[in-house]
Amino acid sequence: MKNSIIYTCLFCLLSFAACVEEADMKFPEADPELVIAGFLNPEDNQTEIIVTSTTNIYGSFSSEPKYVTDAAVYLTDATDTVVLSFNGHPDSMFYYIKSNLFPIQAGKTYYLFAEAPGFPPVNASCTVPSHTVSELIYGLEKSRNGNNDSTYRISLKWKDVAGHANFYRTVVEVIDTFQGVSGLAEFQYDVFFNSEQYSDVGHDGQWLASEKGEALIFGQNKVKSRYLKIYLLTTDANYSAYHESLNRYSGNALFTEPSNIFSNIKGGKGAFGAYNRFVYLQKLF
Amino acid sequence: MKQRVALILTLICGLWNSSAYSQCLEKKVSLAVHNTSIKEVLKMLEDTSGCNFSYSDDIIPVDRLISIRARKKSVNHVLKEVFAGTDISFAQMGNQVVLFKGSKFKPKQDQYSVSGFVTEKSSGEPLIGVNIFIPGTGSGITTNGYGFYSLRLNSDSATLVFSYVGYGTREISVFADRDITLDVNMTSLATLEEVIIRDTSSQRISDKAEMSVLEIPMSQIKSIPALLGEKDVLKILQLLPGVQKNNEGQSGFYVRGGGPDQNLIIMDDATVYNAYHLFGFFSLFNSDAIKNAELIKGGFPARYGGRLSSVLDMSMKEGNRQEYHAEGGIGLISARLTVEGPIKKEKASFLISARRTYIDALLEPFLEDNLKLGYYFYDLNAKVNTEINEKNKLYLSGYFGRDRFYLAEKYSDYSFGAGIEWGNATGTLRWNHLFNKRLFSNVSVIFSEYNLKIYADQTYLDKSLNLSFSSGIRDVQTKADFDYTLSSKHKLRAGISAIWHHFTPSANVFEDDYSGVYTENKQTYEALETGIYLEDDIILSQQWKVNVGIRLSSFGETDRLVFRPEPRLSTNYKLGKNASLKASYAVMNQYVHLLSNTGVGLPTDLWVPSTAGVPNQRSVQYAFGPAFDLPKSFAFSAEGYYKTSDNVIGYKEGANFIQVDDPVRNQEVQWENNVSSGKGLSYGLELLLQRKTGKFTGWIGYTLSKTTLQFDDINEGKPYYARYDRRHDASFVGMYNITKNIKFSLTWVYGTGNAFTPPQSEYYTFAHDPAGQNQSFDFFQGIQVNGYGDRNSERMPDYHRMDVGLSFFKKRKRFERTFEISIYNVYNRKNPFFYFMGYEYNNGQEQRVLKQITLFPIMPSLGLNFRF
């Protein structure tokens, strides 16, 4: 009797473990679509558009992007229309056009069309912001621990350009230069901000402030000089929404409500946006 | 007291036909007695005439011996002879002949009240929700949360029927020439051995004014088979129509399309903010300590407010006032013990109840010496009460419970510890005061707190890294409630309450000896929530009852104060003796939000206040339906409901509140940026056929419902099904007493599968890198992401499961024990808990497949409960 109770208890305890197995069903799959990534900037010497495609959710798995190499990609500003060339380098496949052939201009609206065999055609549009930030202030706090490592905490303030619905993105780097084996070398530290996207909603024309970003800089004796490099982008709404949704994306995380990455590509996925760039470089020592 | 009680004559009698009493004083009787007591003579007169005499032994000289001889004389004549030479007079009052002192008895209509407390006979426990009514008049009432009732009489005499599920019905005839006190005790059917229950009048559903109220006797909760043998009041509620379960095996529940945050769970007036143990698989309510549980899912009386979808009102037992008792049980994962007894017999009592799991103790022998790993939870309920005097009673009750997961490693130069702890604490001090027979008051001071702590500590040699994150909510509340019996047609309730909320969404401490960094950060909010209400139970006619009320609620935080009126109405119109039509209307406001996009009752769920950016939630609910009392104690009800909600909160796409703050970087994530306000629409039909008493008890429930949500920034603004939208939901619960000591129980549940959003495609997406060194590297090779269709556009397979249980009861003179065997998911249905995309190798090729997690296959369990 005692044994049977023990066996029963053991059976109960073991059966408590959750069972994971292949489901005997499948949920519907979507038809393949083109995926576009393109962000226009008047300062770039060429415009690049990456075209990939969605893949089936079930079956063979690949960890590589599925580039679409036989697409026809068109850009137009409603006056001129150009066909982009394909760069087939295995490390960076994209469609491009030189800026001297098709310059990107601030304040202008651009339209993108793309089609490829086996996929529905896609189109999208974006407007390049007409202005950029001209006033920027940064704050820097520095602390050092016993290992000679330093923590940099950096915050930014900038003046919003009044009269426009503006979106901004902040990216900051700390760059160390040191003497390498074959000459002067650089090492870049990303300053980590919880969110890089900001908007001027409710603060038109006012000073806007970023949250505090942080970077841990390892103590090294060989550092010759250190720079702070600030990129402040004035973006369109598509650029901002796309990168914000990438930041929020939590994938298949247990219990998290799944969500699509923002897309303004009609008939497909991805984003087509634009930005102006303001760059500030400050030597710290 | 004795004098007043002396005016009451109690006669336990069967139901009678009132016509039998008409003109009974004129009935002719023949009688011949010699030296016989008046009491015996009256008895003979009752037997021969059919008259029913109402009198008090203290007033009538019942022992006096008389001799009478009467042949074919009227009862009127005989009584005059019996009381010749005394100042005793008599008069026919309704169904009975009342004997009284003096000659000027002028009955007055609607003047006197009968009031008192209803208690259980063996323990002295006040009984909540006892139905008290006067047959044939439409007049009736239920005892309040303290067992008190007050009923105005239409006439100076009446028969009061006291009925309560699981207790023998009592009928008491009263005669009153002033306001009187009538304390009544009732006997549990469980203690009435050898009695076959024929309880035909208990809790008639067609007589009740309120609708959408579910009550389950605790005895039934203890009889229904449960996962791992752990009886759980919240899981039993999930078996009732209109209440949807959460995920497999979990205690969280959804009422009429509302989220789990929209349920107000209160125990002895204290709000319980996180009602779950073990990540939602068990509730924190120990069934041994709970006396009463009532779920209101619509037609809310004005005394309740603060949540949109339901109120689960639970009361702890008071403690036995007559004698000491202990009860407890041993199950597969926990043991529990409750001790109760009188502090001063019939005046004061106490109850202490504790429960603890022992998974950690079972695990420990299998672990290495330098490793500690485990989980446990425990509960402690305690209560004392005292009757200071006839008019004043004091109650002090509290709950304290915690869950703890822990991991610790220790070596000579290195140690590491991490864990997560969470728990609730509540305390309630209540003062009942009886101003007079018609006015009852309760004043409470209530404390409630929920907190969570996550910690990790690492030490290497003499340096350490310590990290902790905590969050919580603390309430201090005071409230006063008044019950006033204005007349036989009106019973008023009024009250006022104020809750001071102190929210701590996050408090982080980071201490690093290695980097020398020490940071401390704490977010707090404070708010004051108030409510004032007035409600009236009105008897418009013998057929028509109404409960009408208004609640004015307010919420104030730093620089914002909002007032919201909340009208309430519920009505019952009788259609014949056994049927009625009911309807209700209720407006509700909710000023606190629960941040949880997991929906599984995790301890990381955060309570936060409504703000200008995320305003309070509001709902309007209409319900309508008939109720029938059927033969053999069956009752059937059907209710249709339609509920709209505004400003319900949803979580912006991709938001995950488990990561609501990053304690390592010590950066705040503004919760307001993660949530979105939208609209909800829910409607449905609920059917319930139940039998609460008899050898076979149980119910069949069915719900047909639809719940949709719409948010401007979720699902592209298109409406979508709520995750817990369930088109069909059915349950069968049956308990059968095979013999006096053996009970069989069976439950079967069925529900449409949860709505969810499976991935439909996969792709790489690329982020722009503004710091790219040249054009060719201007893009990061992005992350691999999933493409989804519309939110919640697919359904998991239907859910169904059967559980069975068998209990063997044995009673000795001073000891009772129940041995239970139960099987959860008896036919081993593999209900999905969660789906995810997994990988499998097939001929050397990695394949993506859909995987399913099933939590609970067939699970037998054993349990032993005892009481002495």
# chains A, B, ... in the order shown; residues from 1 in each chain; ligands from 1
$ residues_around --residues "Arg336 in chain B" --least-positions-apart "3" --cutoff "12 Å" --atoms "only C-alpha atoms" --output "number ranges by chain"
B: 230-231, 285-289, 326-333, 339, 352-358, 377-381, 863-867
$ residues_around --residues "Ile50 in chain A" --least-positions-apart "4" --cutoff "6 Å" --atoms "only C-alpha atoms" --output "list in words"
Ile36, Ala37 and Phe94 of chain A
$ atom_distance --atom1 "CA of Gly401 in chain B" --atom2 "CA of Ile359 in chain B"
16.4 Å
$ interface_residues --of "chain B" --to "chain A" --cutoff "6 Å" --atoms "only C-alpha atoms" --output "PDB file with N, CA, C and O atoms, in the first residue's frame"
ATOM      1  N   SER B 515      32.133  48.773 -10.856  1.00  0.00           N
ATOM      2  CA  SER B 515      32.171  50.049 -11.583  1.00  0.00           C
ATOM      3  C   SER B 515      32.005  51.243 -10.653  1.00  0.00           C
ATOM      4  O   SER B 515      32.133  52.385 -11.072  1.00  0.00           O
ATOM      5  N   GLY B 516      31.690  50.961  -9.388  1.00  0.00           N
ATOM      6  CA  GLY B 516      31.474  52.049  -8.444  1.00  0.00           C
ATOM      7  C   GLY B 516      30.162  52.765  -8.644  1.00  0.00           C
ATOM      8  O   GLY B 516      29.931  53.849  -8.113  1.00  0.00           O
ATOM      9  N   THR B 598       0.079  40.249 -20.598  1.00  0.00           N
ATOM     10  CA  THR B 598       0.207  38.801 -20.607  1.00  0.00           C
ATOM     11  C   THR B 598      -1.121  38.129 -20.341  1.00  0.00           C
ATOM     12  O   THR B 598      -1.380  37.055 -20.838  1.00  0.00           O
ATOM     13  N   GLU B 653       1.221  48.024 -29.971  1.00  0.00           N
ATOM     14  CA  GLU B 653       1.788  46.845 -30.606  1.00  0.00           C
ATOM     15  C   GLU B 653       3.257  46.695 -30.233  1.00  0.00           C
ATOM     16  O   GLU B 653       4.037  47.629 -30.369  1.00  0.00           O
ATOM     17  N   GLY B 654       3.568  45.534 -29.729  1.00  0.00           N
ATOM     18  CA  GLY B 654       4.944  45.246 -29.350  1.00  0.00           C
ATOM     19  C   GLY B 654       5.278  45.596 -27.910  1.00  0.00           C
ATOM     20  O   GLY B 654       6.336  45.239 -27.418  1.00  0.00           O
ATOM     21  N   GLN B 760       2.108  34.676 -40.103  1.00  0.00           N
ATOM     22  CA  GLN B 760       1.704  34.181 -41.421  1.00  0.00           C
ATOM     23  C   GLN B 760       2.865  34.176 -42.401  1.00  0.00           C
ATOM     24  O   GLN B 760       2.775  33.569 -43.468  1.00  0.00           O
ATOM     25  N   SER B 761       3.919  34.908 -42.074  1.00  0.00           N
ATOM     26  CA  SER B 761       5.095  34.924 -42.948  1.00  0.00           C
ATOM     27  C   SER B 761       6.294  35.354 -42.112  1.00  0.00           C
ATOM     28  O   SER B 761       6.146  35.702 -40.935  1.00  0.00           O
ATOM     29  N   GLU B 762       7.448  35.322 -42.771  1.00  0.00           N
ATOM     30  CA  GLU B 762       8.676  35.714 -42.067  1.00  0.00           C
ATOM     31  C   GLU B 762       9.538  36.510 -43.044  1.00  0.00           C
ATOM     32  O   GLU B 762       9.525  36.232 -44.250  1.00  0.00           O
ATOM     33  N   TYR B 763      10.256  37.511 -42.559  1.00  0.00           N
ATOM     34  CA  TYR B 763      11.133  38.262 -43.461  1.00  0.00           C
ATOM     35  C   TYR B 763      12.208  38.983 -42.672  1.00  0.00           C
ATOM     36  O   TYR B 763      12.103  39.139 -41.450  1.00  0.00           O
ATOM     37  N   TYR B 764      13.220  39.396 -43.402  1.00  0.00           N
ATOM     38  CA  TYR B 764      14.252  40.236 -42.808  1.00  0.00           C
ATOM     39  C   TYR B 764      13.887  41.681 -43.038  1.00  0.00           C
ATOM     40  O   TYR B 764      13.427  42.045 -44.117  1.00  0.00           O
ATOM     41  N   GLY B 787       5.600  38.268 -40.017  1.00  0.00           N
ATOM     42  CA  GLY B 787       4.478  39.047 -40.538  1.00  0.00           C
ATOM     43  C   GLY B 787       3.193  38.422 -40.019  1.00  0.00           C
ATOM     44  O   GLY B 787       3.046  37.197 -40.001  1.00  0.00           O
ATOM     45  N   TYR B 788       2.301  39.261 -39.553  1.00  0.00           N
ATOM     46  CA  TYR B 788       1.052  38.770 -38.965  1.00  0.00           C
ATOM     47  C   TYR B 788      -0.129  39.286 -39.757  1.00  0.00           C
ATOM     48  O   TYR B 788      -0.059  40.333 -40.402  1.00  0.00           O
ATOM     49  N   GLU B 846      17.089  22.031 -41.567  1.00  0.00           N
ATOM     50  CA  GLU B 846      16.361  22.610 -40.449  1.00  0.00           C
ATOM     51  C   GLU B 846      14.971  23.039 -40.913  1.00  0.00           C
ATOM     52  O   GLU B 846      14.832  23.786 -41.887  1.00  0.00           O
ATOM     53  N   GLN B 847      13.964  22.565 -40.239  1.00  0.00           N
ATOM     54  CA  GLN B 847      12.585  22.859 -40.617  1.00  0.00           C
ATOM     55  C   GLN B 847      11.899  23.647 -39.512  1.00  0.00           C
ATOM     56  O   GLN B 847      12.137  23.404 -38.329  1.00  0.00           O
ATOM     57  N   ARG B 848      11.060  24.576 -39.922  1.00  0.00           N
ATOM     58  CA  ARG B 848      10.270  25.308 -38.938  1.00  0.00           C
ATOM     59  C   ARG B 848       8.918  24.624 -38.821  1.00  0.00           C
ATOM     60  O   ARG B 848       8.253  24.360 -39.826  1.00  0.00           O
ATOM     61  N   VAL B 849       8.517  24.371 -37.579  1.00  0.00           N
ATOM     62  CA  VAL B 849       7.230  23.709 -37.351  1.00  0.00           C
ATOM     63  C   VAL B 849       6.482  24.455 -36.243  1.00  0.00           C
ATOM     64  O   VAL B 849       7.078  25.157 -35.435  1.00  0.00           O
ATOM     65  N   LEU B 850       5.177  24.278 -36.259  1.00  0.00           N
ATOM     66  CA  LEU B 850       4.350  24.871 -35.211  1.00  0.00           C
ATOM     67  C   LEU B 850       4.353  23.933 -34.015  1.00  0.00           C
ATOM     68  O   LEU B 850       4.050  22.750 -34.157  1.00  0.00           O
ATOM     69  N   LYS B 851       4.703  24.472 -32.864  1.00  0.00           N
ATOM     70  CA  LYS B 851       4.739  23.630 -31.664  1.00  0.00           C
ATOM     71  C   LYS B 851       3.678  24.090 -30.676  1.00  0.00           C
ATOM     72  O   LYS B 851       3.334  25.262 -30.605  1.00  0.00           O
ATOM     73  N   GLN B 852       3.210  23.119 -29.932  1.00  0.00           N
ATOM     74  CA  GLN B 852       2.137  23.372 -28.983  1.00  0.00           C
ATOM     75  C   GLN B 852       2.598  22.988 -27.587  1.00  0.00           C
ATOM     76  O   GLN B 852       3.187  21.925 -27.392  1.00  0.00           O
ATOM     77  N   ILE B 853       2.323  23.855 -26.627  1.00  0.00           N
ATOM     78  CA  ILE B 853       2.596  23.533 -25.233  1.00  0.00           C
ATOM     79  C   ILE B 853       1.277  23.130 -24.586  1.00  0.00           C
ATOM     80  O   ILE B 853       0.296  23.878 -24.639  1.00  0.00           O
ATOM     81  N   THR B 854       1.263  21.946 -24.021  1.00  0.00           N
ATOM     82  CA  THR B 854       0.101  21.491 -23.259  1.00  0.00           C
ATOM     83  C   THR B 854       0.536  21.374 -21.808  1.00  0.00           C
ATOM     84  O   THR B 854       1.535  20.718 -21.507  1.00  0.00           O
ATOM     85  N   LEU B 855      -0.195  22.012 -20.939  1.00  0.00           N
ATOM     86  CA  LEU B 855       0.281  22.039 -19.550  1.00  0.00           C
ATOM     87  C   LEU B 855      -0.133  20.830 -18.739  1.00  0.00           C
ATOM     88  O   LEU B 855       0.675  20.222 -18.062  1.00  0.00           O
TER      89      LEU B 855
END
$ closest_residue --among "B:Lys437, B:Arg723, B:Lys463, B:Lys383" --to "Pro260 in chain B" --atoms "only C-alpha atoms"
B:Arg723
$ residues_around --residues "range 160-166 of chain A" --least-positions-apart "2" --cutoff "8 Å" --atoms "only C-alpha atoms" --output "ChimeraX atom specification"
/A:131-133,158,168,199-201,203-208,234-237
$ select_by_dssp --residues "range 67-256 of chain B" --states "strand (DSSP E or B)" --output "MDAnalysis selection string"
chainID B and resid 67:74 88:93 96:101 113:120 126 131:134 139:142 148:152 157:163 167 170:175 180:181 184:186 188 213:215 243:245 253:255
